[in-house]
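Note: the block below is start-v7.txt and it holds compact mmCIF, C-alpha atoms.
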```
# COMPACT_ATOMS: atom_id res chain seq x y z
CA MET A 1 0.00 0.00 0.00
CA ALA A 2 2.98 2.24 0.49
CA ASP A 3 3.68 2.04 -3.23
CA ARG A 4 3.45 5.62 -4.46
CA LEU A 5 2.70 4.43 -7.96
CA SER A 6 -0.29 2.43 -6.88
CA GLY A 7 -3.43 3.77 -8.46
CA ILE A 8 -5.78 1.39 -6.76
CA SER A 9 -4.90 2.31 -3.20
CA ARG A 10 -5.46 5.98 -3.90
CA ARG A 11 -8.91 6.82 -2.64
CA GLU A 12 -10.27 10.28 -3.13
CA PRO A 13 -13.40 11.63 -1.49
CA ALA A 14 -16.51 9.95 -2.89
CA GLY A 15 -18.35 11.89 -5.54
CA ARG A 16 -15.45 14.20 -6.29
CA SER A 17 -13.40 12.05 -8.57
CA PRO A 18 -14.94 9.83 -11.20
CA ARG A 19 -11.58 8.09 -11.55
CA VAL A 20 -11.45 6.35 -8.18
CA ASP A 21 -11.95 3.04 -9.93
CA ALA A 22 -9.70 3.76 -12.89
CA VAL A 23 -7.56 0.80 -13.90
CA PRO A 24 -4.12 1.16 -12.27
CA PRO A 25 -0.93 0.46 -14.21
CA PHE A 26 -0.26 -3.27 -14.32
CA SER A 27 2.94 -2.74 -12.33
CA SER A 28 0.93 -1.45 -9.33
CA PHE A 29 -1.65 -4.20 -9.72
CA LEU A 30 1.11 -6.84 -9.71
CA GLU A 31 2.86 -5.26 -6.75
CA GLU A 32 -0.32 -5.04 -4.73
CA HIS A 33 -1.58 -8.59 -5.31
CA ARG A 34 1.53 -10.70 -5.88
CA ALA A 35 1.81 -11.81 -2.23
CA ASP A 36 -1.87 -12.86 -1.93
CA VAL A 37 -1.76 -14.76 -5.20
CA TYR A 38 1.50 -16.43 -4.27
CA ARG A 39 0.21 -17.37 -0.82
CA PHE A 40 -2.95 -18.83 -2.32
CA LEU A 41 -1.02 -20.86 -4.89
CA LEU A 42 1.57 -22.00 -2.38
CA ALA A 43 -1.25 -23.40 -0.26
CA ALA A 44 -3.23 -24.66 -3.25
CA VAL A 45 -0.62 -26.41 -5.42
CA GLY A 46 2.42 -26.60 -3.13
CA PRO A 47 5.89 -25.09 -3.32
CA GLN A 48 6.90 -27.12 -6.40
CA ASP A 49 4.30 -25.65 -8.71
CA ALA A 50 3.36 -22.35 -7.11
CA ASP A 51 5.69 -20.39 -9.36
CA ASP A 52 4.44 -21.93 -12.61
CA CYS A 53 0.83 -21.24 -11.64
CA PHE A 54 1.80 -17.72 -10.56
CA GLN A 55 3.28 -17.05 -14.01
CA GLU A 56 0.20 -18.43 -15.77
CA THR A 57 -2.13 -16.43 -13.53
CA PHE A 58 -0.49 -13.07 -14.12
CA LEU A 59 0.14 -13.70 -17.83
CA SER A 60 -3.59 -14.39 -18.23
CA ALA A 61 -4.37 -11.26 -16.24
CA LEU A 62 -1.97 -9.23 -18.41
CA ARG A 63 -3.57 -10.51 -21.62
CA ALA A 64 -7.00 -9.45 -20.39
CA TYR A 65 -5.78 -6.23 -18.77
CA ALA A 66 -5.83 -3.99 -21.85
CA ASP A 67 -9.61 -4.44 -22.12
CA LEU A 68 -10.34 -4.20 -18.41
CA ARG A 69 -12.80 -1.40 -17.67
CA ASP A 70 -13.77 -1.99 -14.05
CA ALA A 71 -11.11 -1.86 -11.35
CA ARG A 72 -13.43 -2.22 -8.36
CA ASN A 73 -12.43 -5.73 -7.34
CA LEU A 74 -9.08 -6.53 -8.85
CA ARG A 75 -8.10 -8.72 -5.92
CA GLY A 76 -11.16 -10.90 -6.41
CA TRP A 77 -10.56 -10.91 -10.17
CA VAL A 78 -6.96 -12.10 -9.98
CA LEU A 79 -7.75 -14.65 -7.26
CA THR A 80 -10.48 -16.03 -9.50
CA ILE A 81 -7.91 -16.48 -12.27
CA ALA A 82 -5.48 -18.09 -9.78
CA THR A 83 -8.23 -20.45 -8.59
CA ARG A 84 -8.93 -21.49 -12.17
CA LYS A 85 -5.22 -22.17 -12.72
CA ALA A 86 -5.09 -24.22 -9.50
CA LEU A 87 -8.15 -26.23 -10.57
CA ASP A 88 -6.53 -26.89 -13.98
CA HIS A 89 -3.40 -27.97 -12.17
CA TRP A 90 -5.32 -30.37 -9.92
CA ARG A 91 -7.18 -31.84 -12.88
CA ALA A 92 -3.88 -32.47 -14.67
CA ARG A 93 -2.60 -34.10 -11.49
CA GLU A 94 -5.60 -36.40 -11.29
CA ARG A 95 -4.88 -37.70 -14.77
CA ARG A 96 -1.39 -38.73 -13.71
CA PRO A 97 -1.51 -39.20 -9.96
CA MET A 98 1.84 -38.73 -8.29
CA PRO A 99 2.23 -37.74 -4.69
CA VAL A 100 4.44 -34.67 -4.37
CA GLU A 101 6.69 -36.20 -1.75
CA GLU A 102 7.48 -39.33 -3.77
CA LEU A 103 7.98 -38.29 -7.35
CA PRO A 104 9.19 -34.75 -7.77
CA GLU A 105 9.71 -34.09 -11.48
CA ARG A 106 12.35 -31.54 -10.67
CA PRO A 107 14.55 -31.60 -7.60
CA ALA A 108 12.83 -29.61 -4.92
CA PRO A 109 14.78 -26.46 -4.17
CA PRO A 110 15.67 -26.15 -0.51
CA ARG A 111 13.41 -23.44 0.81
CA GLU A 112 12.04 -22.23 4.06
CA ASP A 113 8.43 -22.67 3.03
CA ALA A 114 8.70 -26.36 2.14
CA ASP A 115 6.92 -28.26 4.86
CA PRO A 116 5.89 -31.73 3.61
CA GLU A 117 3.40 -32.36 6.38
CA LEU A 118 1.65 -29.11 5.66
CA TRP A 119 1.28 -29.77 1.93
CA ARG A 120 0.18 -33.35 2.50
CA ALA A 121 -2.59 -32.20 4.80
CA VAL A 122 -3.80 -29.46 2.45
CA GLY A 123 -3.29 -31.59 -0.64
CA ALA A 124 -5.48 -34.33 0.80
CA LEU A 125 -8.56 -32.10 0.55
CA PRO A 126 -10.83 -32.25 -2.50
CA PRO A 127 -10.24 -29.27 -4.83
CA MET A 128 -13.23 -27.11 -3.96
CA GLN A 129 -12.75 -27.59 -0.22
CA ARG A 130 -9.08 -26.89 -0.56
CA ALA A 131 -9.67 -23.66 -2.48
CA ALA A 132 -12.46 -22.57 -0.11
CA VAL A 133 -10.37 -23.18 3.00
CA ILE A 134 -7.41 -21.26 1.61
CA HIS A 135 -9.50 -18.33 0.43
CA ARG A 136 -11.41 -18.07 3.68
CA TYR A 137 -8.89 -18.98 6.38
CA VAL A 138 -5.56 -18.13 4.81
CA LEU A 139 -6.44 -15.06 2.76
CA ASP A 140 -9.36 -13.93 4.96
CA LEU A 141 -11.66 -13.33 2.00
CA PRO A 142 -15.31 -12.71 2.86
CA TYR A 143 -17.63 -15.56 1.76
CA ALA A 144 -19.07 -13.46 -1.06
CA GLU A 145 -15.58 -13.24 -2.60
CA VAL A 146 -14.80 -16.90 -1.92
CA ALA A 147 -18.00 -17.76 -3.78
CA SER A 148 -17.14 -15.53 -6.74
CA ALA A 149 -13.60 -16.91 -6.97
CA LEU A 150 -14.91 -20.48 -6.88
CA GLY A 151 -17.86 -19.78 -9.13
CA CYS A 152 -20.39 -21.16 -6.66
CA SER A 153 -23.07 -19.86 -4.29
CA GLU A 154 -22.20 -18.28 -0.97
CA GLU A 155 -23.81 -21.18 0.92
CA ALA A 156 -21.75 -23.69 -1.05
CA ALA A 157 -18.59 -21.68 -0.30
CA ARG A 158 -19.44 -21.66 3.41
CA ALA A 159 -20.07 -25.40 3.41
CA SER A 160 -16.87 -26.21 1.50
CA ALA A 161 -14.77 -24.09 3.82
CA ALA A 162 -16.33 -25.60 6.97
CA VAL A 163 -16.01 -29.22 5.84
CA GLY A 164 -12.49 -28.63 4.53
CA ARG A 165 -11.35 -27.06 7.75
CA LYS A 166 -12.76 -29.93 9.79
CA LYS A 167 -10.99 -32.50 7.63
CA LEU A 168 -7.76 -30.56 7.77
CA ARG A 169 -7.83 -30.52 11.54
CA ALA A 170 -8.57 -34.24 11.66
CA THR A 171 -5.67 -35.01 9.30
CA VAL A 172 -3.24 -32.93 11.29
CA LEU A 173 -4.35 -34.41 14.63
CA ALA A 174 -4.04 -37.91 13.18
CA GLY A 175 -0.58 -37.05 11.89
CA GLU A 176 0.50 -35.77 15.28
CA GLU A 177 -0.74 -38.92 17.02
CA THR A 178 1.02 -41.33 14.70
CA GLY A 179 4.15 -39.34 14.05
CA MET B 1 -8.02 -22.33 13.98
CA SER B 2 -5.97 -25.37 13.23
CA ASP B 3 -2.20 -25.30 13.33
CA VAL B 4 -1.94 -25.93 9.59
CA LEU B 5 -3.95 -22.82 8.75
CA ARG B 6 -1.94 -20.73 11.17
CA ARG B 7 1.26 -21.86 9.51
CA LEU B 8 -0.12 -21.20 6.03
CA ARG B 9 -1.08 -17.70 7.07
CA ALA B 10 2.29 -17.06 8.65
CA THR B 11 4.35 -18.35 5.70
CA ASP B 12 6.50 -15.50 4.47
CA VAL B 13 5.86 -15.12 0.76
CA GLU B 14 7.39 -11.68 0.30
CA ALA B 15 10.73 -12.77 -1.15
CA ALA B 16 9.31 -15.67 -3.17
CA SER B 17 6.50 -13.60 -4.68
CA LYS B 18 8.92 -10.83 -5.52
CA ARG B 19 11.15 -13.24 -7.41
CA ALA B 20 8.10 -14.65 -9.17
CA ALA B 21 7.00 -11.14 -10.17
CA GLU B 22 10.46 -10.41 -11.60
CA ARG B 23 10.32 -13.60 -13.64
CA LEU B 24 6.88 -12.60 -14.83
CA VAL B 25 8.21 -9.33 -16.25
CA GLY B 26 10.77 -11.26 -18.32
CA ARG B 27 8.10 -13.59 -19.66
CA ALA B 28 5.68 -10.77 -20.40
CA HIS B 29 8.44 -8.99 -22.31
CA GLY B 30 9.29 -12.11 -24.29
CA ARG B 31 5.64 -12.56 -25.27
CA GLY B 32 5.25 -8.93 -26.35
CA LEU B 33 2.66 -8.23 -23.64
CA VAL B 34 4.36 -5.13 -22.23
CA ASP B 35 2.82 -2.11 -23.99
CA VAL B 36 4.74 0.44 -21.92
CA ALA B 37 8.03 -0.40 -20.21
CA PHE B 38 9.38 1.95 -17.58
CA GLY B 39 12.59 2.24 -15.64
CA THR B 40 14.73 4.77 -13.83
CA VAL B 41 17.92 6.49 -14.92
CA ASP B 42 20.11 7.94 -12.20
CA SER B 43 21.71 11.06 -13.56
CA PRO B 44 23.42 14.22 -12.33
CA LEU B 45 20.00 15.88 -12.83
CA GLY B 46 18.30 13.47 -10.46
CA SER B 47 16.55 10.15 -10.85
CA MET B 48 14.50 10.22 -14.03
CA THR B 49 11.80 7.80 -15.07
CA VAL B 50 11.69 6.75 -18.71
CA PHE B 51 8.73 5.17 -20.51
CA VAL B 52 9.21 3.19 -23.71
CA THR B 53 6.58 1.76 -26.05
CA LYS B 54 7.11 -0.63 -28.96
CA THR B 55 7.40 2.51 -31.12
CA GLY B 56 10.03 4.26 -29.04
CA LEU B 57 10.73 6.54 -26.11
CA VAL B 58 7.44 8.19 -25.18
CA ARG B 59 8.07 10.01 -21.89
CA VAL B 60 10.93 11.16 -19.70
CA ALA B 61 9.83 12.36 -16.25
CA TYR B 62 11.93 14.50 -13.93
CA PRO B 63 11.86 13.54 -10.22
CA GLU B 64 9.63 16.48 -9.21
CA GLU B 65 6.78 15.40 -11.42
CA ARG B 66 3.75 13.89 -9.73
CA MET B 67 4.39 10.29 -10.66
CA ASP B 68 0.82 9.17 -10.00
CA ARG B 69 -0.33 11.73 -12.61
CA VAL B 70 2.34 10.63 -15.07
CA PHE B 71 1.26 7.00 -14.71
CA GLU B 72 -2.40 8.01 -15.04
CA GLU B 73 -1.64 9.75 -18.35
CA VAL B 74 0.33 6.76 -19.57
CA VAL B 75 -2.54 4.39 -18.71
CA GLU B 76 -5.22 6.61 -20.24
CA THR B 77 -3.36 7.66 -23.39
CA LEU B 78 -1.38 4.50 -24.13
CA SER B 79 -2.29 1.33 -22.24
CA PRO B 80 -2.63 -0.02 -18.69
CA ARG B 81 -0.18 -2.80 -19.55
CA VAL B 82 2.68 -0.89 -17.95
CA LEU B 83 5.56 -2.77 -16.31
CA GLU B 84 8.95 -1.94 -14.88
CA ASP B 85 10.77 -3.84 -17.59
CA PRO B 86 14.58 -3.61 -17.63
CA LYS B 87 14.85 -5.16 -21.11
CA GLY B 88 12.26 -2.83 -22.59
CA THR B 89 14.04 0.27 -21.29
CA GLU B 90 17.60 -0.95 -21.82
CA ARG B 91 18.39 1.13 -24.88
CA ALA B 92 16.94 4.33 -23.43
CA ARG B 93 18.85 3.88 -20.18
CA ARG B 94 22.07 3.07 -21.98
CA GLU B 95 21.88 6.09 -24.31
CA LEU B 96 20.98 8.48 -21.49
CA ASP B 97 23.84 7.16 -19.34
CA ALA B 98 26.23 7.67 -22.26
CA TYR B 99 24.89 11.19 -22.87
CA PHE B 100 25.40 12.20 -19.25
CA GLU B 101 28.92 10.80 -19.35
CA GLY B 102 29.59 12.96 -22.43
CA ARG B 103 30.09 9.93 -24.66
CA LEU B 104 26.95 10.35 -26.78
CA HIS B 105 26.08 13.50 -28.72
CA ARG B 106 23.13 12.28 -30.76
CA PHE B 107 20.36 10.01 -29.50
CA ARG B 108 19.59 7.16 -31.85
CA MET B 109 16.60 5.60 -30.13
CA PRO B 110 13.28 6.33 -31.86
CA VAL B 111 10.77 8.68 -30.24
CA ASP B 112 7.07 7.83 -29.88
CA TRP B 113 5.12 11.10 -30.32
CA ALA B 114 1.91 9.72 -28.79
CA PHE B 115 1.77 12.50 -26.17
CA VAL B 116 2.26 15.32 -28.68
CA PRO B 117 -0.74 16.51 -30.70
CA GLN B 118 -0.29 16.47 -34.49
CA GLY B 119 0.34 19.84 -36.08
CA PHE B 120 2.40 22.81 -34.98
CA PHE B 121 3.35 21.39 -31.55
CA ARG B 122 4.71 18.23 -33.07
CA ARG B 123 6.56 20.09 -35.83
CA VAL B 124 8.20 22.32 -33.21
CA LEU B 125 9.51 19.29 -31.32
CA GLU B 126 10.61 17.56 -34.51
CA GLU B 127 12.57 20.66 -35.53
CA THR B 128 14.01 20.91 -32.03
CA ALA B 129 15.24 17.33 -32.30
CA ARG B 130 17.39 18.47 -35.26
CA ILE B 131 19.34 21.10 -33.30
CA PRO B 132 22.80 19.59 -32.92
CA PHE B 133 24.64 18.97 -29.66
CA GLY B 134 26.56 22.07 -28.62
CA SER B 135 24.46 24.64 -30.47
CA VAL B 136 21.30 26.59 -29.70
CA SER B 137 18.36 28.08 -31.61
CA THR B 138 15.92 30.82 -30.63
CA TYR B 139 12.19 30.29 -30.09
CA GLY B 140 11.55 32.36 -33.21
CA GLU B 141 13.89 30.26 -35.35
CA VAL B 142 12.26 27.04 -34.24
CA ALA B 143 8.81 28.53 -34.87
CA LEU B 144 9.88 29.56 -38.36
CA ARG B 145 11.22 26.09 -39.17
CA ALA B 146 7.99 24.60 -37.87
CA GLY B 147 6.13 26.77 -40.38
CA SER B 148 4.94 29.79 -38.42
CA ALA B 149 7.45 32.62 -38.11
CA ARG B 150 5.38 34.69 -35.70
CA ALA B 151 4.52 31.88 -33.31
CA ALA B 152 7.58 32.10 -31.05
CA ARG B 153 5.39 32.13 -27.95
CA ALA B 154 3.41 29.09 -29.09
CA ALA B 155 6.70 27.36 -29.83
CA GLY B 156 7.71 28.07 -26.23
CA ASN B 157 4.49 26.42 -25.04
CA ALA B 158 5.14 23.35 -27.18
CA LEU B 159 8.65 23.09 -25.77
CA HIS B 160 7.39 23.55 -22.23
CA GLU B 161 5.16 20.49 -22.73
CA ASN B 162 7.89 18.38 -24.31
CA PRO B 163 7.19 14.85 -23.02
CA VAL B 164 10.73 13.67 -23.76
CA PRO B 165 13.14 16.31 -22.42
CA ILE B 166 16.88 15.82 -23.01
CA VAL B 167 16.28 13.37 -25.86
CA VAL B 168 14.25 16.00 -27.71
CA PRO B 169 16.61 18.79 -26.63
CA CYS B 170 14.25 21.63 -25.76
CA HIS B 171 17.08 22.97 -23.58
CA ARG B 172 18.78 24.04 -26.83
CA VAL B 173 16.09 26.63 -27.53
CA VAL B 174 16.79 30.04 -25.98
CA PRO B 175 15.30 33.55 -26.17
CA ALA B 176 16.55 35.87 -28.90
CA SER B 177 16.88 38.60 -26.26
CA GLY B 178 19.65 36.75 -24.43
CA GLY B 179 19.93 34.50 -21.42
CA ILE B 180 18.94 30.84 -21.43
CA GLY B 181 15.22 31.33 -20.84
CA LYS B 182 12.74 29.05 -19.16
CA TYR B 183 12.77 25.29 -18.80
CA GLY B 184 10.04 22.89 -17.77
CA GLY B 185 12.44 20.85 -15.69
CA ASP B 186 13.80 23.87 -13.72
CA GLU B 187 16.22 26.37 -15.16
CA TRP B 188 19.32 25.09 -13.32
CA ARG B 189 18.96 21.90 -15.35
CA LYS B 190 18.84 23.84 -18.61
CA ALA B 191 22.05 25.65 -17.64
CA TRP B 192 23.65 22.36 -16.60
CA LEU B 193 22.76 20.68 -19.91
CA LEU B 194 24.00 23.62 -21.99
CA ARG B 195 27.28 23.62 -20.07
CA LEU B 196 27.63 19.85 -20.53
CA GLU B 197 27.29 20.42 -24.27
CA GLY B 198 29.66 23.35 -24.28
CA ALA B 199 26.97 25.70 -25.62
CA ILE B 200 27.56 28.09 -22.73
CA PRO B 201 30.80 28.46 -20.79
CA GLY B 202 31.36 26.67 -17.51
CA ASP B 203 31.85 23.21 -16.17
CA ALA B 204 28.72 21.10 -16.01
CA GLY B 205 30.22 18.87 -13.36
CA ARG B 206 30.57 21.75 -10.92
CA SER B 207 26.94 22.79 -11.02
CA GLU B 208 25.08 20.35 -8.84
CA ALA B 209 21.44 20.36 -7.88
CA PRO B 210 20.60 23.29 -5.63
CA GLY B 211 19.87 22.51 -1.99
```

Write out the structure in this file as structure tokens.
Amino acid sequence: MADRLSGISRREPAGRSPRVDAVPPFSSFLEEHRADVYRFLLAAVGPQDADDCFQETFLSALRAYADLRDARNLRGWVLTIATRKALDHWRARERRPMPVEELPERPAPPREDADPELWRAVGALPPMQRAAVIHRYVLDLPYAEVASALGCSEEAARASAAVGRKKLRATVLAGEETG
Amino acid sequence: MSDVLRRLRATDVEAASKRAAERLVGRAHGRGLVDVAFGTVDSPLGSMTVFVTKTGLVRVAYPEERMDRVFEEVVETLSPRVLEDPKGTERARRELDAYFEGRLHRFRMPVDWAFVPQGFFRRVLEETARIPFGSVSTYGEVALRAGSARAARAAGNALHENPVPIVVPCHRVVPASGGIGKYGGDEWRKAWLLRLEGAIPGDAGRSEAPG
């Protein structure tokens, strides 16, 4: 938010400026949302593939950006794109099932955010529950935005997040008992 | 809140997302998706921001300019697909660096006139671009070459709104009555540039920014 170039964080008194919702330069948009998108993808597809999905998400956003007219909910917009990329990724995974911890296609880079237990627990959730849990409990999105990112009703988003969270807790507790 | 969620929330993604964003710029450039590339040039006249389109250099902004306004104009006039793209601005940065080091006397990068209305204003700037390093013209001379001998004042206005100072050398246009005249980027800069080029006596290196 401290970015002086950021158009979207600049709010002028209502009614005075018709350009409050003007589309900001893509550089500001990227700077403002990169961390949220990365965090979502890290939780959604794991550290191995987060970067690839990040690239695809923002390249898609950039392609569409020239024709964008409404800048009111850019965070929701880009998280919707990221969710679609994560769903594509999961679908591709289902076609050739390979647990992350057993068959990495590339050697996993040593990094501070790699925590196998964490990704196993999140990765065990069905796609919609996984996305709903991350949107709601990791990114703190309101249910209306979770629903729009997932393309479902608000009730369905609530249900997915609740069930997913319960399963996650059960998995983690089970893991702690056995290991 | 389960432990897993707490850890996911606490994961530091700042460095990783920054690296990912830098990679994205490279890919966007490679795919031709950057409509306007920008970057900064550190110079003896302060840190300047340059904007480059696929056509050429479109804007050079001095540090005092309201950068939010400059970006707004770029988005509205050109495109919102604006990125800080080192490859896209490489030539502009290299030529400006060489100019400030006294190694380059004529800019070779193309100019994109998108911010200059067609007609007299554009002709004034095109004529100004032909004034060689080390020499000066008067407002009246430039107006005459642009096709309107009596429009010296209008020529001054066109030069004042030059979107690409230094590269289109509006500092080389001076009043017929003497002195160096006005400059959109502050007069001390005009004097500094004219000294660098040897058009007026003095050592450019000794005249630093005031204050």

* **Pick from A:Ala82, A:Val163, A:Ala66, A:Leu141 nearest to chain B, counting only C-alpha atoms** =>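 Counting only C-alpha atoms, the residue closest to chain B is A:Ala66.
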
* Just how far from atom CA of Trp113 of chain B is atom CA of Gly181 of chain B, in Å to one decimal? -> 24.5 Å

* To do: Would you list the contacts of Gly46 of chain A as a PyMOL selection string, taking every protein, DNA or RNA residue within 9 Å and counting all atoms listed in the file, but skipping same-chain residues closer than 3 positions in sequence?
  => chain A and resi 41-43+49-50+100+114+119+122-123

* Nearby residues (only C-alpha atoms) at most 10 Å from Leu68 of chain A, same-chain spacing under 4 positions excluded, as a PyMOL selection string -> (chain A and resi 22-23+61-64+74) or (chain B and resi 80)

* To do: Using only C-alpha atoms, determine which residues of chain A fall within 7 Å of chain B; present them as a list of chain:residue names.
  => A:Leu5, A:Val23, A:Pro24, A:Pro25, A:Phe26, A:Ser27, A:Arg34, A:Ala35, A:Tyr38, A:Arg39, A:Ala43, A:Asp51, A:Gln55, A:Leu59, A:Leu62, A:Arg63, A:Tyr65, A:Ala66, A:Asp113, A:Leu118, A:Tyr137, A:Val138, A:Arg169

* Non-local contacts of segment 195-198 of chain B (12 Å; all atoms listed in the file; under 6 positions in same chain excluded) as a list of chain:residue names ->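 These residues fall inside the cut-off: B:Pro44, B:Leu45, B:Tyr99, B:Phe100, B:Glu101, B:Gly102, B:Arg103, B:Leu104, B:His105, B:Arg106, B:Pro132, B:Phe133, B:Gly134, B:Ser135, B:Val136, B:Ile166, B:Pro169, B:His171, B:Arg172, B:Ile180, B:Trp188, B:Arg189, B:Ala204, B:Gly205, B:Arg206, B:Ser207, B:Glu208.
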
How big is the axis-aligned box around all listed atoms of segment 60-66 of chain B once 4 Å goes on each side, and where's its centre, in Å to one decimal, as lines of an AutoDock Vina configuration file?
```
center_x = 7.8
center_y = 13.8
center_z = -14.5
size_x = 16.2
size_y = 13.3
size_z = 18.5
```
